[in-house]
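Asker: One structure coming up, written as structure tokens, with questions to follow.
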2 protein chains.
Amino acid sequence: MRALVTGGAGFIGSHLVDRLLHEGHDVVAYDSFATGQDRFLERAVPHPRFTLVRGDLLDRAALGSAAAGADIVFHLAASADVRFGTACPDRDVSQNTVGTFNVLEAMRAAGVTRIVFSSTGSVYGEPAVFPTPEDAPFPLQTSLYGAAKLAGEALIQAYCEGFGFQGYIFRFVSILGERYSHGHVFDFYKQLRVHPQELRVLGDGHQRKSYLYVHDCIDASLCALERAHGRVNIFNLGTHDFCEVNRSIAWIVEELGVTPAVSYSGGVRGWIGDSPFILLDCRRIRTLGWAPRVSIRDGIVRTLRYLQQNPWLLDARP
Amino acid sequence: MRALVTGGAGFIGSHLVDRLLHEGHDVVAYDSFATGQDRFLERAVPHPRFTLVRGDLLDRAALGSAAAGADIVFHLAASADVRFGTACPDRDVSQNTVGTFNVLEAMRAAGVTRIVFSSTGSVYGEPAVFPTPEDAPFPLQTSLYGAAKLAGEALIQAYCEGFGFQGYIFRFVSILGERYSHGHVFDFYKQLRVHPQELRVLGDGHQRKSYLYVHDCIDASLCALERAHGRVNIFNLGTHDFCEVNRSIAWIVEELGVTPAVSYSGGVRGWIGDSPFILLDCRRIRTLGWAPRVSIRDGIVRTLRYLQQNPWLLDARP
């Protein structure tokens with residue numbers, strides 16, 4: 001098949017590109033390189049079945065050209081850092097909502113009707129039910145990021161009903177692994193590399209979060225594509241486990257062999273819109289036969305090793 | 001207080017303007033007049049405490065000026081016809097999602113933090129639970145209109161969490177009454193006025209819908225504003241009743257004294273994204289002491305009498 005991967009130069013997108021090429025598919029990556037990295041595509045670029053398009057989600061004409069002839073669109077391009085919502089609401093809305101709408105319109109113009117969307121467990125806000133299932137009570141949004149992603153989900157669902165699209169919506173926990181370039185492991189490693197004696201933590205350290213290793217995430221997505229055949233297919237993607245930020249810190253400092261003094265900004269939330277507890281009920285995807293292979297701890301360790309081997313990435317991101 | 005009413009020249013908005021002026025408030029109406037009508041503001045315009053601003057929701061600067069000094073924003077401006085989604089997805093997304101985002105940003109710039117939003121029961125898609133409560137299982141969107149309104153709700157919720165806003169989100173059933181200018185009573189009356197012998201109906205006539213009389217709707221909204229004090233206050237607004245389209249037709253032809261041959265386009269849905277059954281659980285708003293005063297039948301009859309007395313409106317709308 002021929003796949004368009006928006007955000008194809010990003011953390012998850014570039015792994016997906018490699019995987020699809022490896023499986024014999026034709027791949028077009030579409031990326032603005034706002035956060036994507038040329039180096040993530042070093043394997044893909046020489047490949048004869050790979051095409052790279054530099055473009056923004058707000059450029060509907062360029063998106064339309066990129067989508068022409070595709071059998072499926074993996075729409076991963078996004079403003080992906082939940083913490084920046086209140087600093088820059090425009091970015092979440094334009095990239096994650098209007099951008100998704102533009103992808104849908106480009107697909108419609110090009111006659112492409114199958115879409116995979118990287119949504120987020122943040123759409124559950126601060127849920128009352130743990131682990132949180134896909135059909136949890138109608139949630140309240142607590143972050144611009146979650147709100148803008150939920151809007152993207154909603155538009156995709158409406159296109160499935162109105163225009164005969166088939167949609168796969170994956171609500172991710174935080175994803176870890178090689179090429180990971182934002183989030184707490186990144187921030188902690190960046191701090192400790194310069195100042196191994198001190199670590200500043202957002203919140204009180206007791207936030208409980210779930211993580212999933214990037215190749216497990218891609219396995220799950222492709223498994224669902226192969227085995228789920230509804231018009232709208234929604235899956236939580238995560239492990240059955242979670243860890244406290246403090247536990248994650250213990251693993252990180254052990255792996256790095258440092259003993260920093262840890263200070264906390266305080267509060268049960270690390271930032272405005274932070275969800276103090278994320279644990280998704282992933283039975284729906286597990287019923288299809290998928291299970292994660294890498295534990296949260298191993299995911300963190302692999303992430304650290306990647307960052308140690310790729311110090312350029314620490315300077316590439318603000 | 002000083003209130004900004006977006007969509008203040010529209011069906012519901014203009015009644016709200018009259019009501020707020022009557023209660024002694026200062027009112028700024030903001031309307032693009034895409035569907036608003038000057039005649040709806042005939043009572044308001046001469047009023048010394050009334051200001052009319054002609055502007056579009058996509059003009060954030062004009063919105064910002066209109067919001068300056070307001071204590072509250074009633075955000076009613078919208079592309080309000082659920083049936084047009086697949087014909088014009090841009091309109092739903094730009095007016096109902098980006099437009100709502102622009103209102104929020106204009107409020108933030110002007111330091112206004114209290115917002116009332118006219119959402120819709122369409123955000124429940126085709127629910128499994130009837131009557132459908134506010135915390136129904138996380139729904140799937142079936143219309144562009146519902147999706148774009150849900151996106152608006154989500155952004156408001158995120159602004160409540162992120163920027164200390166207080167939000168009132170009302171999920172309306174179809175609203176009827178004086179100044180009503182789109183929907184099935186409008187369409188049926190418009191047909192029967194020209195051809196009293198025939199009536200063409202979208203769907204099979206068995207769609208079950210709820211309706212609420214416009215003054216009951218405004219009573220409920222103001223009741224919630226006075227008595228609910230959460231950060232995010234979400235209320236279904238409807239009657240405890242519903243009626244089949246065929247029942248509604250019987251009332252209409254009886255009132256008009258006509259006996260048309262009725263033909264049906266067929267299918268359980270009247271159009272793509274139509275919800276065959278809408279019945280909202282309104283116990284949450286009723287707990288505050290509000291109850292509707294006008295039945296569905298009386299709402300339909302009052303609507304017909306208004307349309308008979310205001311034939312100009314039938315020609316003013318496409």
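Identifiers in the structure tokens: chain A, B, ... in order shown; residue index from 1 per chain; ligand index from 1 in order shown.
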Compile the residues of chain B that lie within 6 Å of chain A, evaluated using only C-alpha atoms, and express the compilation as a list in words.

Answerer: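 Per the criterion, chain B yields Asp135, Ala136, Pro137, Phe138, Gln141, Thr142, Ser143, Leu144, Ala147, Ala151, Ala154, Leu155, Gln157, Ala158, Glu161, Gly162 and Ile272 of chain B.
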
Asker: If you count only C-alpha atoms, which residues fall within 10 Å of Gly111 of chain B, apart from same-chain ones fewer than 5 positions away, as a ChimeraX atom specification?

Answerer: /B:64,67-71,105-106,165

Asker: Atom CA of Met107 of chain A and atom CA of Arg91 of chain B, how far apart in Å?

Answerer: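 Interatomic distance here is 17.8 Å.
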
Asker: Per DSSP on the backbone, filter segment 56-205 of chain B down to the residues in alpha helix (DSSP H) and report them as number ranges by chain.

Answerer: B: 60-67, 89-91, 99-110, 144-163, 184-194

Asker: Enter the distance from atom CA of Leu237 of chain A to atom CA of Asp38 of chain A, in Å, rounded to one decimal.

Answerer: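 We find that atom CA of Leu237 of chain A and atom CA of Asp38 of chain A lie 27.1 Å from each other.
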
Asker: Quick check, in Å to one decimal: how far apart do atom CA of Gln37 of chain A and atom CA of Ala66 of chain A lie?

Answerer: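 Between atom CA of Gln37 of chain A and atom CA of Ala66 of chain A the gap is 19.0 Å.
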
Asker: Can you tell me, as a ChimeraX atom specification, what residues are no more than 12 Å from Ala250 of chain A when counting only C-alpha atoms, ignoring any on the same chain fewer than 5 positions away?

Answerer: /A:185,188,199,205,243-245,255-262,297,300-301

Asker: Do you know which residues are at most 12 Å from Gly266 of chain A counting only C-alpha atoms, after dropping those on the same chain fewer than 6 positions away, and could you put them as a PyMOL selection string?

Answerer: chain A and resi 200-207

Asker: At a cut-off of 12 Å, using only C-alpha atoms, what residues contact segment 219-229 of chain A? Leave out same-chain residues fewer than 4 positions from it and give the result as a ChimeraX atom specification.

Answerer: /A:12-13,15-16,19-20,23,72-74,76,114-119,165-172,212-215,233-239,282,284-294
